[in-house]
Every structure is written in C-alpha cells, then in structure tokens.
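Comments concern the structure below.
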Amino acid sequence: MTQSAFDAIIIGSGAGGGASAWGLASHGFKCLVLEAGPFYSPSEYQLAKESWEQNDFPDRAIHRGSYSFGRMQRLRPELKDLRSWNHQTGLTNNTDYRAAGKYHHMRGVGGSTLIYSAEAHRLHPDSMMMRSRFGVSGDWPLSYSELEPYYCSAERIIGVSGPPGHSVRFRSESYPLPPHRLSYASTKIKEGCIKLGLTLESNPVAILSRPYDGRPQCNYCANCYRGCQMTDKGSVDVTFIRKAIETGRCVVRDDCRVTRLEAGDADRITRVEYMNSDGKFHAVSGRVIVLCCGAIETPRLLLTSKNNYAPDGVGNESGAVGRNFMETIYWYSSATHSEPLGSHRGIPVDSVCWDFNGADSIPGVIGGCRFSASVAEADLVGPINYAKRVATGWGKAHKAAMRRLFGKALVIVAMGEALPNKYSYIELNSQEKDDAGIPIARINTFIDDMDISRLKFMSKTAKEILIASGATGIFEEFSAYDTFNSSHVFGTCRMGSSPEDSVVDRYLRSHRWKNLFIADSSVFPSSGGGEAPSLTIEALAIRTANHIARLAKKAEL
Ligand SMILES: Cc1cc2nc3c(=O)[nH]c(=O)nc-3n(C[C@H](O)[C@H](O)[C@H](O)COP(=O)(O)OP(=O)(O)OC[C@H]3O[C@@H](n4cnc5c(N)ncnc54)[C@H](O)[C@@H]3O)c2cc1C
Ligand code: SF4
C-alpha cells in the first residue's frame, strides 16, 4: 500500500472526471486521476486502414466494463409497430421479450467521449423542473441560470461550433466557433421539416468548424464513433485532461481501477483502493474524492464499498443509490432518397429540430424529444453496411443496387425524455464478480406507458419527416421499445435538496460524506427531452470544482 499527498482523487476520466480534474487543478489542487482504462493515442485509430469499416474504436477487451441485466420486459403484440426491423433480415429481436442490448461506453482516458458524436447540448430549462411543473422525475436543486456561466466555460474548453442564440436556452455568450454548414442530406431534411412547419437548424457540436486552441478543423469523415484521428473532436482526453496535465498539478494513472472507497470516522472517506494492470492493489487518500465513473459504475462502487460506517453502501443513507435509473429512449428511421446526397460523410449529427423538446410540447405526453439527421450514428458510412442493410439482391442485381443507392441513405434519429420508474434501477449482481472479486452491476430496465406514448410520437414524426424530405422506401428502424441500447444513462445518484430522497446536494457533495463529491451523469434528477448530456455533466463538474475551492479557502472541506 502507498499513501499519497494529493489534494484531490478523481475517479474516472470521462466527461465528469476530465472536467473535475481541469477545474480543481486550475484552482491549485494537486490532483490524481485514477482511470480504469488506458491512454489511447489518436494515431491508433483505424480510419486509415482498408478494413476501417469493420473496425470499431480500437478498445482492448481487457478494459471493457462488465455488466449484466435483470429480467427483461415482455413485449406487447399490439405494439408491433414499435419493433426494430430491417427489410432484409426482418425483426432484429424476434423474441417476446425486450432484448438486453448494450450499455455503450468506453473505458479509457477520456471515457465515453472517446467515441461520442460530440453533440454539445444545454438542457431545456423546463426539464430541470419536472417534479414541480409536471409531477414526474425530480427537480434539479439549481436553475439553468446558475449553470449558464459554466456551460460557457465548458463550451470554450471543448470548442463548440453552434448557431447564434436560442430562444429557450438563454446564452450570455455566443458559441466559440461558427456553426458547421448543413450537409446536403440535412438540407433535404430541412426542406421536409419546412413542409411540416418544423424548424431544423445546425446542431451545436464539439467539433471544430475552424482551427481552435491548437487543434485543426474537422475533415468531415463521419467516423467520430471510431475515434477522431484529427483531434478536432472535443473529447475529454484532448481538451480537459490535456489542459489539466498542462497545469503541472494533475497526474493521470491509467489502467488503475478503483475497487473500494473506505468510509471512516468523522463522516469522511479515508482511503481509495485501486488495482493496477498487474493486478496489484494500492491505496491513496485525499482531502477531496470526486467520483465520476458514470451512471452504472458509480452506484456499483458505492454499493460495493459497504462497511460498519456505511452498512448500506457509501452515500446510500437514503436508499437512493442505484434508483431512478434513466436510459436512452431512441427511435431511428432510415430510408433512401432518389438524389445522390453523399450522406455517408459529414459530421455524425449535423442538424437538430427542437420543436418537441419542451416537456409539454408533445400533445398528451409528458417529456419531450428532439429529432436529428444522422446517417453516421446508424453506421451507414461505408459500403459494407450498405451491402448488408440497404442494397438487396445477389450478384449483378446487388452490384446495381449498390451503385444506385450508395450515399443516398437518410436517417432521422429521435431521442426522448426517459422518466424514472420503480422497475428501472442498478443493483449488485452477487452471482457474477469481476477479476477483483467485486459483484458486477445488474441493469434493471423498464419502458413505461408514458415512454411508450412518447416513442409512438417519435416513430410517427420521424417517418413523416423522411417522407416530406422526399425519401422513399424506409428500409430499417431501431427502437428502444424492443432493445435496450443506451449511450446516455442517468439518475442513479440523484442530486436533490433533501437527504431523504437524494444522494448529493446542489454542489454534488454527498449529503453525509463531507469529502465525497459525485460529478457524472448519475446525479441528473431528470434526463432532459433528448438532449445529449456531456456538456451538462462538464458544466456541473466545473461548478463543483469552483465550490470545492471556495470550501477549501474557508477550511470547510
Ligand atoms: C457512441 C456514443 C455516442 C455518444 N454521443 C454523445 C454526444 O454526441 N453528445 C453527448 O453529450 N454525449 C454523447 N454520448 C454520451 C456521453 O459520452 C456520456 O454521457 C458521457 O461521457 C458520460 O460522462 P461520465 O463522466 O458520466 O462517464 P464516462 O464518460 O463514461 O466516464 C467514466 C469513466 O470512468 C472510468 N471508470 C469506471 N469505473 C471505474 C473505476 N472503478 N475506477 C476507475 N475508473 C473507472 C471509465 O473507464 C470511464 O473512463 C455518447 C456516448 C456513446 C457511447
Ligand atoms: S467527423 Fe470530424 S470530428 Fe468526427 S472523427 Fe471525423 S474529423 Fe473527427
């Protein structure tokens, strides 16, 4: 065992951990970041290889997190229109139960932002007041205007390119970079939206429309999911973590998985135990511990760290750790267009329609959604996927179909609010343990009737937009109804004003454990109406780092 003299121990280096490290190091804290995955170098990404389309991000299996699923929901025959399908292969899940798909995430320095699409959204202010306004989810114990300056800081660090102003989301500063021009595919979708009375605009993204902060501008390769070789994508490794290290006060230890938090006297976490890549255990302590492992691993670590001081798990005095799990409610509809669109290139999600994003903007439904054009997120950026999923036939007929269809896919993705319910939660799976002997997480997930009503609206509207845009032949649809596939997960360590029903306070400090803060997506009391979460995670983490610095000055840490 080793003891270290760091002021702050940050566990996890994704959106929350990276922003925490930068925030605290900028305030003079000596920071140690413990990250379960490795450092990746953009030169490792495989886009220059002939086999690029068959390769995902070059993650090393050893670093993937394990998780399991509870009993999956039974599907209802009357909701067959909400099932996922492809015109060549039929239903993608042909069982009577919802499929346990994937928790999409990445272990590595930069966390899931290594593979994210870099959408950089602010939350709709109303979605932070879901309990008081609509009687569902939880209220955020802080307002949009309190978070606004930190949104600006995060946008400057990661380099967001976005359109001027937004009527609902007040901005005190313009985006650091001008918006990307809409791709030709998105201009077709915009024409369709206009016919339907909807507005489609450039999506704010942490993808550089101009060289910025020593990074080049995007080359529109559409492959953010496979890792950005150019480094223009504002993933945390090339932005927050790089800047934290440049302060000279931040050390990142990769391949170091935290296995336990030791709760002790005076309501403090006294030690952080971790295992390095050789399987050896070490321990460190710090004046401040900031936990940022994401909404599945963070509750797992808290629950697994029980001892006499914390018999129900660390921070679980209210029983809320693991509860209120919210997942990605998604719908994808894909069709082809008669015109050559070159839709296999561009940035992954270059346009967005916010018209139904407000929590009361879908008639008869609580919780909003948004629509975007995204051929890349459906992974239709190369010939192999076209051959497997779009072009039918064999031999010459197939070749002709490929020539006719390549680059002509149009995809509308809809992302919606997820409302917490009592069947959706994370718990420990005592039957399955990892190589450190710690139970892995079990994901319990349930789509309730309100989510289903929202999905019906998302499905209907996505098709209407495609048809109004001139697309014909919908060839594939993917739906959260029959398959859990989540890249946005939230809620399992809710922030709130009351220690009775939440885990952390408005500054993300544990209600009980004085030196413990949680700064990742697990603290969200509500999911938002389809907004991508990482900008909000980063803004919250920067705000918390400022608060920790204030507490340190007053000797209240
Ligand atoms: C394919 C994909 C596309 C996405 N697109 C977008 C998008 O366009 N815009 C957007 O805003 N969001 C997007 N997201 C979601 C976004 O990436 C996540 O919401 C965000 O990164 C979550 O931040 P986090 O800090 O909570 O967790 P993560 O970023 O997942 O980071 C958690 C980190 O903790 C580490 N860790 C876990 N357990 C331990 C442990 N025991 N010890 C040490 N380290 C540990 C992990 O290795 C990981 O590095 C996408 C995600 C995916 C997978
Ligand atoms: S589209 Fe742009 S941001 Fe995404 S991987 Fe390619 S170069 Fe990087």
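Order determines the names: the first chain of the structure tokens is A, the second B, and so forth; residues in each chain are numbered 1 upward, and ligands are numbered 1 upward as they are shown.
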
(request) Excluding region 196-212 of chain A and residues on its chain fewer than 3 positions from it, collect all residues at most 9 Å away from it, counting only C-alpha atoms, and give them as an MDAnalysis selection string. (result) chainID A and resid 117:121 155 158:163 175 177:182 186:187 189:193 215:218 232:235 347 349:355 371:372 464:465 468

Just N, CA and C atoms for this one: save the residues we selected as a compact mmCIF listing (two decimals), in the first residue's frame.
# COMPACT_ATOMS: atom_id res chain seq x y z
N SER A 117 -20.42 11.37 -30.28
CA SER A 117 -20.65 12.12 -31.52
C SER A 117 -20.46 13.61 -31.32
N ALA A 118 -20.14 14.00 -30.09
CA ALA A 118 -19.76 15.39 -29.78
C ALA A 118 -20.90 16.39 -29.86
N GLU A 119 -22.15 15.91 -29.84
CA GLU A 119 -23.25 16.87 -29.72
C GLU A 119 -23.07 17.58 -28.38
N ALA A 120 -23.19 18.90 -28.36
CA ALA A 120 -22.91 19.67 -27.14
C ALA A 120 -24.15 20.49 -26.79
N HIS A 121 -25.06 19.86 -26.07
CA HIS A 121 -26.37 20.48 -25.80
C HIS A 121 -26.47 21.03 -24.40
N GLU A 155 -18.04 25.06 -23.00
CA GLU A 155 -18.06 25.25 -24.47
C GLU A 155 -16.74 25.82 -24.98
N ILE A 158 -13.98 22.83 -24.79
CA ILE A 158 -14.05 21.74 -25.78
C ILE A 158 -14.18 22.29 -27.21
N GLY A 159 -14.51 23.56 -27.34
CA GLY A 159 -14.59 24.17 -28.68
C GLY A 159 -15.88 23.79 -29.39
N VAL A 160 -16.97 24.49 -29.00
CA VAL A 160 -18.27 24.13 -29.60
C VAL A 160 -18.57 25.06 -30.78
N SER A 161 -18.97 24.44 -31.88
CA SER A 161 -19.42 25.18 -33.06
C SER A 161 -20.95 25.13 -33.04
N GLY A 162 -21.58 26.30 -33.08
CA GLY A 162 -23.05 26.27 -32.98
C GLY A 162 -23.68 27.51 -33.58
N PRO A 163 -24.99 27.44 -33.77
CA PRO A 163 -25.70 28.56 -34.40
C PRO A 163 -25.92 29.69 -33.41
N TYR A 175 -21.47 31.06 -29.17
CA TYR A 175 -20.61 29.87 -29.26
C TYR A 175 -19.20 30.30 -29.66
N LEU A 177 -17.28 29.01 -31.76
CA LEU A 177 -17.00 28.82 -33.20
C LEU A 177 -18.29 28.88 -33.99
N PRO A 178 -18.21 29.32 -35.25
CA PRO A 178 -19.43 29.38 -36.07
C PRO A 178 -19.97 27.97 -36.35
N PRO A 179 -21.26 27.88 -36.70
CA PRO A 179 -21.84 26.55 -36.94
C PRO A 179 -21.24 25.90 -38.18
N HIS A 180 -21.33 24.58 -38.24
CA HIS A 180 -20.97 23.88 -39.48
C HIS A 180 -22.09 24.11 -40.49
N ARG A 181 -21.70 24.16 -41.75
CA ARG A 181 -22.74 24.28 -42.79
C ARG A 181 -23.54 22.99 -42.83
N LEU A 182 -24.84 23.06 -43.04
CA LEU A 182 -25.62 21.82 -43.11
C LEU A 182 -25.14 20.97 -44.27
N SER A 186 -28.83 16.99 -44.86
CA SER A 186 -29.62 17.76 -43.91
C SER A 186 -30.43 18.86 -44.60
N THR A 187 -29.92 19.39 -45.70
CA THR A 187 -30.73 20.42 -46.40
C THR A 187 -32.01 19.79 -46.96
N ILE A 189 -33.56 17.27 -45.53
CA ILE A 189 -34.43 17.08 -44.36
C ILE A 189 -35.01 18.43 -43.92
N LYS A 190 -34.22 19.46 -44.06
CA LYS A 190 -34.75 20.80 -43.71
C LYS A 190 -35.94 21.14 -44.62
N GLU A 191 -35.83 20.80 -45.91
CA GLU A 191 -36.97 21.07 -46.81
C GLU A 191 -38.22 20.33 -46.32
N GLY A 192 -38.00 19.08 -45.89
CA GLY A 192 -39.13 18.30 -45.39
C GLY A 192 -39.70 18.93 -44.12
N CYS A 193 -38.83 19.36 -43.23
CA CYS A 193 -39.29 19.97 -41.97
C CYS A 193 -40.10 21.23 -42.28
N ARG A 215 -5.84 22.86 -32.24
CA ARG A 215 -6.40 21.69 -32.92
C ARG A 215 -6.93 22.09 -34.29
N PRO A 216 -6.86 21.18 -35.27
CA PRO A 216 -7.28 21.54 -36.63
C PRO A 216 -8.79 21.46 -36.80
N GLN A 217 -9.27 21.92 -37.94
CA GLN A 217 -10.72 21.80 -38.16
C GLN A 217 -11.08 20.41 -38.68
N CYS A 218 -12.34 20.06 -38.56
CA CYS A 218 -12.85 18.73 -38.93
C CYS A 218 -12.66 18.45 -40.42
N ASP A 232 -9.81 17.07 -33.69
CA ASP A 232 -10.68 18.26 -33.68
C ASP A 232 -11.94 18.01 -32.85
N LYS A 233 -12.26 16.74 -32.61
CA LYS A 233 -13.42 16.44 -31.77
C LYS A 233 -13.05 16.72 -30.32
N GLY A 234 -13.92 17.43 -29.62
CA GLY A 234 -13.60 17.85 -28.25
C GLY A 234 -13.78 16.76 -27.22
N SER A 235 -13.20 15.59 -27.47
CA SER A 235 -13.26 14.54 -26.45
C SER A 235 -12.39 15.00 -25.27
N ILE A 347 -20.40 15.43 -40.48
CA ILE A 347 -20.26 15.14 -39.04
C ILE A 347 -21.46 14.28 -38.65
N VAL A 349 -23.92 14.05 -36.47
CA VAL A 349 -25.29 14.54 -36.21
C VAL A 349 -25.26 16.04 -36.46
N ASP A 350 -25.46 16.46 -37.70
CA ASP A 350 -25.18 17.86 -38.02
C ASP A 350 -26.38 18.79 -37.89
N SER A 351 -27.59 18.23 -37.67
CA SER A 351 -28.74 19.13 -37.59
C SER A 351 -29.71 18.63 -36.53
N VAL A 352 -30.54 19.55 -36.06
CA VAL A 352 -31.45 19.19 -34.96
C VAL A 352 -32.75 20.00 -35.07
N CYS A 353 -33.85 19.35 -34.71
CA CYS A 353 -35.15 20.01 -34.61
C CYS A 353 -35.56 19.97 -33.15
N TRP A 354 -35.71 21.15 -32.53
CA TRP A 354 -36.01 21.23 -31.09
C TRP A 354 -37.51 21.44 -30.84
N ASP A 355 -38.32 21.40 -31.89
CA ASP A 355 -39.72 21.84 -31.73
C ASP A 355 -40.50 21.06 -30.67
N PHE A 371 -35.41 15.71 -32.78
CA PHE A 371 -35.14 14.94 -33.99
C PHE A 371 -33.84 15.44 -34.61
N SER A 372 -33.04 14.53 -35.12
CA SER A 372 -31.80 14.92 -35.79
C SER A 372 -31.60 14.06 -37.03
N GLU A 464 -42.71 10.81 -40.87
CA GLU A 464 -43.30 11.96 -41.60
C GLU A 464 -42.20 12.87 -42.13
N ILE A 465 -41.17 13.10 -41.31
CA ILE A 465 -40.08 13.98 -41.76
C ILE A 465 -39.38 13.36 -42.97
N ALA A 468 -41.63 13.66 -46.06
CA ALA A 468 -41.70 15.06 -46.52
C ALA A 468 -40.38 15.51 -47.13

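The neighbours of Leu428 (chain A) here are the residues that come within 8 Å of it, using only C-alpha atoms and leaving out any residue fewer than 2 positions away in the same chain; they are Arg300, Leu303, Thr304, Ile426, Ser430, Pro439, Ile440, Ala441 and Arg442 of chain A.
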
Could you write those residues out with N, CA and C atoms, as a compact mmCIF listing (two decimals), in the first residue's frame?
# COMPACT_ATOMS: atom_id res chain seq x y z
N ARG A 300 -22.40 1.24 -8.51
CA ARG A 300 -21.81 -0.07 -8.19
C ARG A 300 -20.70 0.09 -7.14
N LEU A 303 -22.16 1.00 -3.72
CA LEU A 303 -22.85 -0.11 -3.05
C LEU A 303 -21.89 -1.19 -2.58
N THR A 304 -20.83 -1.36 -3.35
CA THR A 304 -19.88 -2.43 -3.02
C THR A 304 -18.94 -2.02 -1.87
N ILE A 426 -30.22 0.14 -10.78
CA ILE A 426 -28.95 -0.61 -10.85
C ILE A 426 -28.74 -1.26 -9.48
N SER A 430 -24.71 -10.42 -7.21
CA SER A 430 -23.79 -11.18 -6.36
C SER A 430 -23.37 -12.50 -6.99
N PRO A 439 -18.81 -7.79 -7.10
CA PRO A 439 -20.00 -8.05 -7.92
C PRO A 439 -20.14 -7.02 -9.03
N ILE A 440 -20.52 -7.49 -10.22
CA ILE A 440 -20.74 -6.55 -11.32
C ILE A 440 -22.14 -5.94 -11.17
N ALA A 441 -22.39 -4.90 -11.95
CA ALA A 441 -23.69 -4.24 -11.87
C ALA A 441 -24.74 -5.06 -12.62
N ARG A 442 -25.97 -5.02 -12.09
CA ARG A 442 -27.11 -5.58 -12.82
C ARG A 442 -28.02 -4.42 -13.20

With ligand 1 as the partner and 7 Å as the cut-off, tabulate the residues of chain A that qualify, each row holding the nearest pair of atoms and their distance in Å to one decimal, using only C-alpha atoms and all ligand atoms, sorted by chain and rising number, as a tab-separated table.
residue	atom	partner	partner_atom_place_in_ligand_line	distance
A:Ile11	CA	ligand 1	43 (C)	5.1
A:Gly12	CA	ligand 1	34 (O)	3.3
A:Ser13	CA	ligand 1	49 (O)	4.8
A:Gly14	CA	ligand 1	31 (O)	3.4
A:Ala15	CA	ligand 1	25 (O)	3.9
A:Gly16	CA	ligand 1	25 (O)	3.7
A:Gly17	CA	ligand 1	25 (O)	5.6
A:Leu34	CA	ligand 1	43 (C)	5.2
A:Glu35	CA	ligand 1	44 (N)	3.9
A:Ala36	CA	ligand 1	44 (N)	3.9
A:Gly37	CA	ligand 1	47 (O)	4.9
A:His104	CA	ligand 1	53 (C)	4.3
A:His105	CA	ligand 1	53 (C)	4.1
A:Met106	CA	ligand 1	30 (O)	6.0
A:Arg107	CA	ligand 1	47 (O)	3.3
A:Gly108	CA	ligand 1	49 (O)	4.7
A:Val109	CA	ligand 1	49 (O)	5.6
A:Gly110	CA	ligand 1	49 (O)	5.7
A:Gly111	CA	ligand 1	49 (O)	3.2
A:Ser112	CA	ligand 1	29 (O)	3.9
A:Thr113	CA	ligand 1	17 (O)	4.3
A:Ile115	CA	ligand 1	1 (C)	5.3
A:Tyr116	CA	ligand 1	3 (C)	3.4
A:Ser117	CA	ligand 1	8 (O)	3.5
A:Ala118	CA	ligand 1	8 (O)	3.9
A:Glu119	CA	ligand 1	8 (O)	3.7
A:Ala120	CA	ligand 1	11 (O)	5.4
A:His121	CA	ligand 1	11 (O)	6.6
A:Tyr225	CA	ligand 1	1 (C)	5.7
A:Cys256	CA	ligand 1	43 (C)	6.0
A:Arg257	CA	ligand 1	42 (N)	3.7
A:Val258	CA	ligand 1	42 (N)	3.8
A:Thr259	CA	ligand 1	41 (N)	5.7
A:Cys292	CA	ligand 1	25 (O)	5.2
A:Cys293	CA	ligand 1	34 (O)	3.5
A:Gly294	CA	ligand 1	26 (O)	3.5
A:Ala295	CA	ligand 1	26 (O)	6.0
A:Glu297	CA	ligand 1	38 (N)	5.1
A:Thr298	CA	ligand 1	38 (N)	6.8
A:Leu301	CA	ligand 1	41 (N)	6.5
A:Ser487	CA	ligand 1	51 (C)	4.4
A:His488	CA	ligand 1	19 (O)	4.8
A:Val489	CA	ligand 1	19 (O)	6.5
A:Asp520	CA	ligand 1	26 (O)	3.8
A:Ser521	CA	ligand 1	26 (O)	4.1
A:Ser522	CA	ligand 1	26 (O)	6.6
A:Ala532	CA	ligand 1	11 (O)	3.9
A:Pro533	CA	ligand 1	11 (O)	4.1
A:Ser534	CA	ligand 1	11 (O)	3.6
A:Leu535	CA	ligand 1	11 (O)	5.7
A:Ile537	CA	ligand 1	23 (O)	6.6

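Distance annotation: of A:Tyr67, A:Tyr103, A:Phe57, A:Tyr220, the residue with the minimal separation from ligand 2 is A:Tyr220; atom set is only C-alpha atoms and all ligand atoms.
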
(message) What's around Ile10 (chain A) at 7 Å? Count only C-alpha atoms, leave out sequence neighbours fewer than 2 positions away in its own chain, and write the answer as a list in words.
(response)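 The filter keeps Ala8, Gly12, Gly17, Ala21, Leu32, Val33, Leu34, Ile289, Val290 and Leu291 of chain A.
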
Could you please take those selected residues and save C-alpha atoms as a CSV table (one decimal), in the first residue's frame?
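Saved the output as out.csv:
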chain,number,residue,atom,x,y,z
A,8,ALA,CA,-8.0,15.5,-4.8
A,12,GLY,CA,-12.8,8.1,-13.8
A,17,GLY,CA,-13.8,13.3,-14.3
A,21,ALA,CA,-9.6,17.4,-13.0
A,32,LEU,CA,-4.6,12.4,-9.0
A,33,VAL,CA,-6.9,10.9,-11.7
A,34,LEU,CA,-7.4,7.1,-11.4
A,289,ILE,CA,-12.7,12.5,-3.5
A,290,VAL,CA,-14.6,13.1,-6.8
A,291,LEU,CA,-16.4,10.0,-8.1

(message) Which residues are near Asp435 (chain A)? Cut-off 12 Å, only C-alpha atoms, ignore same chain within fewer than 5 positions. Put them as a PyMOL selection string.
(response) chain A and resi 62-63+65-66+257+259+275-280+440
